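S.K.: input.cif is reproduced below (mmCIF, C-alpha atoms).
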```cif
data_my_file
#
loop_
_atom_site.group_PDB
_atom_site.id
_atom_site.type_symbol
_atom_site.label_atom_id
_atom_site.label_comp_id
_atom_site.auth_asym_id
_atom_site.auth_seq_id
_atom_site.Cartn_x
_atom_site.Cartn_y
_atom_site.Cartn_z
ATOM 1 C CA MET A 1 2.879 18.110 11.935
ATOM 2 C CA ALA A 2 0.140 18.664 14.469
ATOM 3 C CA SER A 3 2.208 21.263 16.290
ATOM 4 C CA SER A 4 2.427 23.477 13.201
ATOM 5 C CA TYR A 5 -1.101 24.778 13.615
ATOM 6 C CA SER A 6 -0.318 27.120 16.471
ATOM 7 C CA ASN A 7 2.300 28.820 14.297
ATOM 8 C CA TYR A 8 -0.175 29.574 11.541
ATOM 9 C CA THR A 9 -3.372 30.678 13.185
ATOM 10 C CA ASN A 10 -3.316 33.849 11.120
ATOM 11 C CA SER A 11 -3.034 32.038 7.771
ATOM 12 C CA PRO A 12 -5.683 29.664 6.516
ATOM 13 C CA CYS A 13 -4.452 26.069 6.414
ATOM 14 C CA ALA A 14 -3.554 24.534 3.056
ATOM 15 C CA ALA A 15 -6.952 22.803 2.860
ATOM 16 C CA CYS A 16 -9.035 25.943 3.483
ATOM 17 C CA LYS A 17 -6.818 27.925 1.122
ATOM 18 C CA PHE A 18 -7.330 25.278 -1.564
ATOM 19 C CA LEU A 19 -11.084 25.103 -0.923
ATOM 20 C CA ARG A 20 -11.312 28.913 -0.644
ATOM 21 C CA ARG A 21 -13.126 28.874 2.638
ATOM 22 C CA ARG A 22 -12.565 30.502 6.020
ATOM 23 C CA CYS A 23 -10.243 28.523 8.289
ATOM 24 C CA THR A 24 -11.857 28.399 11.728
ATOM 25 C CA SER A 25 -10.220 27.430 15.013
ATOM 26 C CA ASP A 26 -11.975 24.031 14.938
ATOM 27 C CA CYS A 27 -10.936 23.228 11.342
ATOM 28 C CA VAL A 28 -10.267 19.461 11.203
ATOM 29 C CA PHE A 29 -7.638 19.891 8.475
ATOM 30 C CA ALA A 30 -5.587 22.759 9.939
ATOM 31 C CA PRO A 31 -3.333 20.781 12.340
ATOM 32 C CA TYR A 32 -2.241 18.422 9.554
ATOM 33 C CA PHE A 33 -2.187 20.593 6.437
ATOM 34 C CA PRO A 34 -0.017 23.642 7.199
ATOM 35 C CA PRO A 35 -0.068 26.387 4.548
ATOM 36 C CA GLU A 36 3.574 25.825 3.618
ATOM 37 C CA GLU A 37 2.737 22.326 2.311
ATOM 38 C CA PRO A 38 0.035 23.007 -0.297
ATOM 39 C CA THR A 39 0.781 19.881 -2.368
ATOM 40 C CA LYS A 40 -0.011 17.531 0.512
ATOM 41 C CA PHE A 41 -3.645 18.656 0.577
ATOM 42 C CA ALA A 42 -3.932 19.029 -3.204
ATOM 43 C CA ASN A 43 -2.877 15.368 -3.594
ATOM 44 C CA VAL A 44 -5.269 13.888 -1.036
ATOM 45 C CA HIS A 45 -8.055 16.111 -2.367
ATOM 46 C CA ARG A 46 -7.453 14.887 -5.913
ATOM 47 C CA ILE A 47 -7.490 11.188 -4.987
ATOM 48 C CA PHE A 48 -9.877 10.957 -2.016
ATOM 49 C CA GLY A 49 -11.821 14.217 -2.093
ATOM 50 C CA ALA A 50 -11.975 16.688 0.796
ATOM 51 C CA SER A 51 -15.231 15.341 2.225
ATOM 52 C CA ASN A 52 -13.948 11.742 2.340
ATOM 53 C CA VAL A 53 -10.734 12.876 4.070
ATOM 54 C CA SER A 54 -12.789 14.872 6.577
ATOM 55 C CA LYS A 55 -15.064 11.854 7.151
ATOM 56 C CA ILE A 56 -12.076 9.551 7.779
ATOM 57 C CA LEU A 57 -10.488 12.096 10.167
ATOM 58 C CA HIS A 58 -13.701 12.309 12.177
ATOM 59 C CA GLU A 59 -13.815 8.497 12.402
ATOM 60 C CA VAL A 60 -10.397 8.172 14.065
ATOM 61 C CA ALA A 61 -9.226 9.358 17.491
ATOM 62 C CA PRO A 62 -7.550 12.806 17.544
ATOM 63 C CA HIS A 63 -4.159 11.308 18.485
ATOM 64 C CA GLN A 64 -4.303 9.085 15.374
ATOM 65 C CA ARG A 65 -5.142 11.842 12.918
ATOM 66 C CA GLU A 66 -1.584 12.798 12.075
ATOM 67 C CA ASP A 67 -0.720 9.190 11.123
ATOM 68 C CA THR A 68 -3.991 8.965 9.200
ATOM 69 C CA VAL A 69 -3.233 12.100 7.179
ATOM 70 C CA ASN A 70 0.320 10.959 6.493
ATOM 71 C CA SER A 71 -0.801 7.547 5.246
ATOM 72 C CA LEU A 72 -3.501 9.159 3.073
ATOM 73 C CA ALA A 73 -0.886 11.559 1.658
ATOM 74 C CA TYR A 74 1.440 8.621 0.944
ATOM 75 C CA GLU A 75 -1.339 6.700 -0.830
ATOM 76 C CA ALA A 76 -2.424 9.746 -2.815
ATOM 77 C CA GLU A 77 1.125 10.472 -3.997
ATOM 78 C CA ALA A 78 1.608 6.825 -4.979
ATOM 79 C CA ARG A 79 -1.657 6.843 -6.958
ATOM 80 C CA LEU A 80 -0.698 10.063 -8.757
ATOM 81 C CA LYS A 81 2.688 8.571 -9.706
ATOM 82 C CA ASP A 82 1.160 5.227 -10.725
ATOM 83 C CA PRO A 83 -2.562 5.592 -11.538
ATOM 84 C CA VAL A 84 -2.918 1.854 -12.254
ATOM 85 C CA TYR A 85 -1.410 0.270 -9.148
ATOM 86 C CA GLY A 86 -0.847 3.114 -6.662
ATOM 87 C CA CYS A 87 0.801 1.888 -3.485
ATOM 88 C CA VAL A 88 -0.536 -1.619 -4.154
ATOM 89 C CA GLY A 89 2.368 -1.768 -6.643
ATOM 90 C CA ALA A 90 4.804 -1.274 -3.752
ATOM 91 C CA ILE A 91 3.066 -4.087 -1.842
ATOM 92 C CA SER A 92 3.531 -6.475 -4.793
ATOM 93 C CA VAL A 93 7.232 -5.546 -5.120
ATOM 94 C CA LEU A 94 7.784 -6.070 -1.375
ATOM 95 C CA GLN A 95 5.888 -9.382 -1.372
ATOM 96 C CA ARG A 96 8.084 -10.660 -4.209
ATOM 97 C CA GLN A 97 11.192 -9.451 -2.341
ATOM 98 C CA VAL A 98 10.097 -11.280 0.831
ATOM 99 C CA LEU A 99 9.513 -14.516 -1.113
ATOM 100 C CA LYS A 100 12.911 -14.198 -2.824
ATOM 101 C CA LEU A 101 14.698 -13.584 0.496
ATOM 102 C CA GLN A 102 12.873 -16.464 2.188
ATOM 103 C CA ARG A 103 13.900 -18.775 -0.655
ATOM 104 C CA GLU A 104 17.489 -17.519 -0.463
ATOM 105 C CA LEU A 105 17.572 -18.006 3.304
ATOM 106 C CA GLU A 106 16.160 -21.525 2.955
ATOM 107 C CA GLU A 107 18.812 -22.393 0.381
ATOM 108 C CA THR A 108 21.551 -20.898 2.550
ATOM 109 C CA ASN A 109 20.329 -22.842 5.561
ATOM 110 C CA ALA A 110 20.246 -26.010 3.433
ATOM 111 C CA ASP A 111 23.856 -25.264 2.413
ATOM 112 C CA ILE A 112 24.821 -24.954 6.059
ATOM 113 C CA MET A 113 23.070 -28.201 6.930
ATOM 114 C CA ARG A 114 24.842 -30.022 4.105
ATOM 115 C CA TYR A 115 28.104 -28.391 5.097
ATOM 116 C CA ALA A 116 27.633 -29.331 8.738
ATOM 117 C CA SER A 117 26.461 -32.883 8.069
ATOM 118 C CA SER A 118 29.533 -33.493 5.937
ATOM 119 C CA LEU A 119 31.618 -32.535 8.976
ATOM 120 C CA GLY A 120 29.593 -34.325 11.606
ATOM 121 C CA SER A 121 26.137 -33.761 13.123
ATOM 122 C CA GLU A 122 27.389 -32.189 16.359
ATOM 123 C CA THR A 123 28.054 -28.832 14.611
ATOM 124 C CA THR A 124 24.584 -28.489 13.016
ATOM 125 C CA SER A 125 22.807 -26.873 15.934
ATOM 126 C CA THR A 126 25.300 -23.991 16.053
ATOM 127 C CA TYR A 127 24.807 -22.847 12.486
ATOM 128 C CA GLY A 128 21.245 -23.510 11.250
ATOM 129 C CA ARG A 129 18.984 -20.412 11.335
ATOM 130 C CA HIS A 130 15.241 -20.535 10.990
ATOM 131 C CA ARG A 131 13.376 -18.426 8.474
ATOM 132 C CA SER A 132 10.762 -16.093 9.930
ATOM 133 C CA MET B 1 -13.848 -9.091 -14.407
ATOM 134 C CA ALA B 2 -14.105 -7.173 -17.650
ATOM 135 C CA SER B 3 -15.789 -10.125 -19.361
ATOM 136 C CA SER B 4 -18.654 -10.118 -16.869
ATOM 137 C CA TYR B 5 -20.269 -7.088 -18.459
ATOM 138 C CA SER B 6 -21.654 -8.946 -21.466
ATOM 139 C CA ASN B 7 -23.516 -11.272 -19.091
ATOM 140 C CA TYR B 8 -25.311 -8.450 -17.355
ATOM 141 C CA THR B 9 -26.357 -5.997 -20.020
ATOM 142 C CA ASN B 10 -29.932 -6.216 -18.761
ATOM 143 C CA SER B 11 -29.044 -5.383 -15.159
ATOM 144 C CA PRO B 12 -27.477 -2.094 -14.161
ATOM 145 C CA CYS B 13 -23.889 -2.498 -12.958
ATOM 146 C CA ALA B 14 -23.183 -2.316 -9.212
ATOM 147 C CA ALA B 15 -22.063 1.319 -9.554
ATOM 148 C CA CYS B 16 -25.188 2.521 -11.372
ATOM 149 C CA LYS B 17 -27.396 0.526 -9.006
ATOM 150 C CA PHE B 18 -25.629 2.145 -6.031
ATOM 151 C CA LEU B 19 -25.829 5.618 -7.584
ATOM 152 C CA ARG B 20 -29.436 4.997 -8.737
ATOM 153 C CA ARG B 21 -28.787 6.014 -12.299
ATOM 154 C CA ARG B 22 -29.374 4.435 -15.710
ATOM 155 C CA CYS B 23 -26.554 2.108 -16.770
ATOM 156 C CA THR B 24 -25.778 2.915 -20.402
ATOM 157 C CA SER B 25 -23.747 0.835 -22.849
ATOM 158 C CA ASP B 26 -20.782 3.219 -22.477
ATOM 159 C CA CYS B 27 -20.806 3.164 -18.653
ATOM 160 C CA VAL B 28 -17.156 3.334 -17.537
ATOM 161 C CA PHE B 29 -17.901 1.332 -14.377
ATOM 162 C CA ALA B 30 -19.970 -1.530 -15.832
ATOM 163 C CA PRO B 31 -17.137 -3.819 -17.064
ATOM 164 C CA TYR B 32 -15.451 -3.757 -13.638
ATOM 165 C CA PHE B 33 -18.339 -3.565 -11.190
ATOM 166 C CA PRO B 34 -20.744 -6.423 -11.984
ATOM 167 C CA PRO B 35 -24.068 -6.342 -10.120
ATOM 168 C CA GLU B 36 -23.242 -9.503 -8.153
ATOM 169 C CA GLU B 37 -20.359 -7.707 -6.394
ATOM 170 C CA PRO B 38 -22.090 -4.700 -4.797
ATOM 171 C CA THR B 39 -19.537 -4.332 -1.964
ATOM 172 C CA LYS B 40 -16.659 -3.717 -4.365
ATOM 173 C CA PHE B 41 -18.223 -0.482 -5.630
ATOM 174 C CA ALA B 42 -19.616 0.531 -2.229
ATOM 175 C CA ASN B 43 -16.074 0.342 -0.794
ATOM 176 C CA VAL B 44 -14.327 2.366 -3.498
ATOM 177 C CA HIS B 45 -17.190 4.871 -3.462
ATOM 178 C CA ARG B 46 -16.868 5.320 0.291
ATOM 179 C CA ILE B 47 -13.101 5.886 0.229
ATOM 180 C CA PHE B 48 -12.440 7.560 -3.136
ATOM 181 C CA GLY B 49 -15.844 8.780 -4.297
ATOM 182 C CA ALA B 50 -17.474 7.795 -7.584
ATOM 183 C CA SER B 51 -16.271 10.855 -9.501
ATOM 184 C CA ASN B 52 -12.631 10.322 -8.474
ATOM 185 C CA VAL B 53 -12.807 6.664 -9.526
ATOM 186 C CA SER B 54 -14.343 7.672 -12.847
ATOM 187 C CA LYS B 55 -11.626 10.324 -13.322
ATOM 188 C CA ILE B 56 -8.847 7.798 -12.613
ATOM 189 C CA LEU B 57 -10.425 5.245 -14.999
ATOM 190 C CA HIS B 58 -10.551 7.832 -17.775
ATOM 191 C CA GLU B 59 -6.876 8.664 -17.183
ATOM 192 C CA VAL B 60 -5.643 5.107 -17.782
ATOM 193 C CA ALA B 61 -5.714 2.997 -20.954
ATOM 194 C CA PRO B 62 -8.745 0.688 -21.314
ATOM 195 C CA HIS B 63 -6.579 -2.460 -20.988
ATOM 196 C CA GLN B 64 -5.299 -1.181 -17.614
ATOM 197 C CA ARG B 65 -8.696 -0.399 -16.123
ATOM 198 C CA GLU B 66 -9.319 -3.810 -14.604
ATOM 199 C CA ASP B 67 -5.995 -3.698 -12.703
ATOM 200 C CA THR B 68 -6.763 -0.107 -11.702
ATOM 201 C CA VAL B 69 -10.180 -1.026 -10.281
ATOM 202 C CA ASN B 70 -8.756 -4.029 -8.449
ATOM 203 C CA SER B 71 -5.980 -1.991 -6.839
ATOM 204 C CA LEU B 72 -8.481 0.733 -5.852
ATOM 205 C CA ALA B 73 -10.778 -1.942 -4.364
ATOM 206 C CA TYR B 74 -7.817 -3.403 -2.439
ATOM 207 C CA GLU B 75 -6.851 0.023 -1.087
ATOM 208 C CA ALA B 76 -10.442 0.868 -0.169
ATOM 209 C CA GLU B 77 -10.921 -2.402 1.696
ATOM 210 C CA ALA B 78 -7.638 -1.916 3.560
ATOM 211 C CA ARG B 79 -8.646 1.634 4.561
ATOM 212 C CA LEU B 80 -12.046 0.460 5.802
ATOM 213 C CA LYS B 81 -10.390 -2.256 7.894
ATOM 214 C CA ASP B 82 -7.693 0.099 9.185
ATOM 215 C CA PRO B 83 -8.788 3.766 8.900
ATOM 216 C CA VAL B 84 -5.459 5.013 10.303
ATOM 217 C CA TYR B 85 -2.919 3.225 8.119
ATOM 218 C CA GLY B 86 -4.920 1.564 5.315
ATOM 219 C CA CYS B 87 -2.662 -0.441 3.028
ATOM 220 C CA VAL B 88 0.332 1.693 4.078
ATOM 221 C CA GLY B 89 0.239 -0.494 7.220
ATOM 222 C CA ALA B 90 0.889 -3.552 5.030
ATOM 223 C CA ILE B 91 3.819 -1.722 3.397
ATOM 224 C CA SER B 92 5.381 -1.030 6.821
ATOM 225 C CA VAL B 93 4.966 -4.664 7.902
ATOM 226 C CA LEU B 94 6.537 -5.913 4.642
ATOM 227 C CA GLN B 95 9.410 -3.402 4.855
ATOM 228 C CA ARG B 96 10.213 -4.597 8.377
ATOM 229 C CA GLN B 97 10.013 -8.222 7.200
ATOM 230 C CA VAL B 98 12.432 -7.478 4.320
ATOM 231 C CA LEU B 99 14.914 -5.811 6.695
ATOM 232 C CA LYS B 100 14.681 -8.740 9.127
ATOM 233 C CA LEU B 101 15.237 -11.301 6.367
ATOM 234 C CA GLN B 102 18.155 -9.308 4.911
ATOM 235 C CA ARG B 103 19.767 -9.174 8.358
ATOM 236 C CA GLU B 104 19.176 -12.892 8.868
ATOM 237 C CA LEU B 105 20.648 -13.697 5.459
ATOM 238 C CA GLU B 106 23.676 -11.505 6.179
ATOM 239 C CA GLU B 107 24.227 -13.273 9.495
ATOM 240 C CA THR B 108 23.807 -16.685 7.875
ATOM 241 C CA ASN B 109 26.285 -15.755 5.151
ATOM 242 C CA ALA B 110 28.689 -14.508 7.826
ATOM 243 C CA ASP B 111 28.273 -17.879 9.598
ATOM 244 C CA ILE B 112 29.120 -19.674 6.366
ATOM 245 C CA MET B 113 32.162 -17.481 5.814
ATOM 246 C CA ARG B 114 33.399 -18.135 9.339
ATOM 247 C CA TYR B 115 32.624 -21.804 8.944
ATOM 248 C CA ALA B 116 34.432 -21.992 5.628
ATOM 249 C CA SER B 117 37.431 -19.936 6.726
ATOM 250 C CA SER B 118 37.926 -22.237 9.679
ATOM 251 C CA LEU B 119 38.156 -25.120 7.205
ATOM 252 C CA GLY B 120 40.234 -23.352 4.572
ATOM 253 C CA SER B 121 39.544 -20.561 2.103
ATOM 254 C CA GLU B 122 39.090 -22.847 -0.907
ATOM 255 C CA THR B 123 35.533 -23.791 0.163
ATOM 256 C CA THR B 124 34.255 -20.198 0.637
ATOM 257 C CA SER B 125 33.215 -19.577 -2.963
ATOM 258 C CA THR B 126 30.916 -22.594 -2.988
ATOM 259 C CA TYR B 127 28.806 -21.579 -0.020
ATOM 260 C CA GLY B 128 28.570 -17.792 0.293
ATOM 261 C CA ARG B 129 25.285 -16.332 -1.099
ATOM 262 C CA HIS B 130 24.714 -12.650 -1.741
ATOM 263 C CA ARG B 131 21.743 -10.826 -0.332
ATOM 264 C CA SER B 132 19.488 -9.128 -2.884
#
```
What would you get if you wrote out this structure as structure tokens?
M.R.:
Amino acid sequence: MASSYSNYTNSPCAACKFLRRRCTSDCVFAPYFPPEEPTKFANVHRIFGASNVSKILHEVAPHQREDTVNSLAYEAEARLKDPVYGCVGAISVLQRQVLKLQRELEETNADIMRYASSLGSETTSTYGRHRS
Amino acid sequence: MASSYSNYTNSPCAACKFLRRRCTSDCVFAPYFPPEEPTKFANVHRIFGASNVSKILHEVAPHQREDTVNSLAYEAEARLKDPVYGCVGAISVLQRQVLKLQRELEETNADIMRYASSLGSETTSTYGRHRS
């Protein structure tokens, strides 16, 4: 978390420790890579490289850097677990799940419509839901 | 595509062209970065770096390299479009969509159950669907 930095000004951040360099007060990594989470930096370093992470952090506004680091860490961990698909694998799984649910909802709505029409059209409007 | 390489043995692949180096017959990039798709390599190079991509490609089996390159290209493009969330943004959107659809399906099933119970319990089993 961004707030962690002030607690660790005496220790180098996880990035500087990993890169064996001095951690200065303007270190771009320090607020987001506290020393007690060494794996977070090691993962993003292994997948993106320190200079690419630094470049991306400089491209986004300071208030967006924490989210940026967290999404990079998520992507890096996913790629280390699944070198072929990374977090794109999760996207495929979710897309299939959405399609399955949409189909199921359509079928359920069709059931309701059949159900309602067998009882009379005046009840239809109460029960039919639209898929999003 | 992997098959493109044989068509372009006389031209350096997009990676070697970008990196200004000689494209040899054992180039790990050549089968997946044909010269007519220069942006594909430029994107993965910008986000992951050429050496990280090469490292990942060497870690996976040859028959999985095309999928690996395509998922890296997808991730890189997503990160360039959205430097803060990259393709993790798509995961969040899909997760919210799944939750919404599950809730909708639950409500629709509850409607059916209420509908059926008002008509008599013998019809319930025909209409209730289970969420996945």
S.K.: Give me, as a VMD selection string, the residues of chain A touching chain B, with the criterion being at most 6 Å (counting only C-alpha atoms).
M.R.: chain A and resid 48 68 71 84 to 85 91 98 105
S.K.: Could you please take those selected residues and save C-alpha atoms as a PDB file, in the frame of the given file?
M.R.:
```
ATOM      1  CA  PHE A  48      -9.877  10.957  -2.016  1.00  0.00           C
ATOM      2  CA  THR A  68      -3.991   8.965   9.200  1.00  0.00           C
ATOM      3  CA  SER A  71      -0.801   7.547   5.246  1.00  0.00           C
ATOM      4  CA  VAL A  84      -2.918   1.854 -12.254  1.00  0.00           C
ATOM      5  CA  TYR A  85      -1.410   0.270  -9.148  1.00  0.00           C
ATOM      6  CA  ILE A  91       3.066  -4.087  -1.842  1.00  0.00           C
ATOM      7  CA  VAL A  98      10.097 -11.280   0.831  1.00  0.00           C
ATOM      8  CA  LEU A 105      17.572 -18.006   3.304  1.00  0.00           C
TER       9      LEU A 105
END
```
S.K.: Return as a PyMOL selection string the set of residues that the PyMOL selection byres ((chain A and resi 36) around 10) yields on the displayed structure.
M.R.: chain A and resi 4+8+11+13-14+33-35+37-40
S.K.: Mind giving me the straight-line distance from atom CA of Ser117 of chain B to atom CA of Arg103 of chain A in Å, one decimal?
M.R.: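 One can read the atom CA of Ser117 of chain B to atom CA of Arg103 of chain A distance as 24.7 Å.
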S.K.: As AutoDock Vina command-line options, please report the centre and edge lengths, rounded to one decimal in Å, of the axis-aligned box that holds all listed atoms of segment 53-71 of chain A with 4 Å of padding on each of the six sides.
M.R.:
```
--center_x -7.4 --center_y 11.2 --center_z 11.3 --size_x 23.4 --size_y 15.3 --size_z 22.4
```
S.K.: Once the PyMOL selection byres ((chain A and resi 29) around 8) has been evaluated on this model, what residues remain selected, and can you format them as a PyMOL selection string?
M.R.: chain A and resi 13+15-16+27-28+30-33+54
S.K.: Mind giving me the straight-line distance from atom CA of Asn43 of chain B to atom CA of Ala76 of chain B in Å, one decimal?
M.R.: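 Taking atom CA of Asn43 of chain B as the start and atom CA of Ala76 of chain B as the end point, the length is 5.7 Å.
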S.K.: As an exercise, work out the distance from atom CA of Pro62 of chain A to atom CA of Ala78 of chain A in Å and give it to one decimal place.
M.R.: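 Separation between atom CA of Pro62 of chain A and atom CA of Ala78 of chain A: 25.0 Å.
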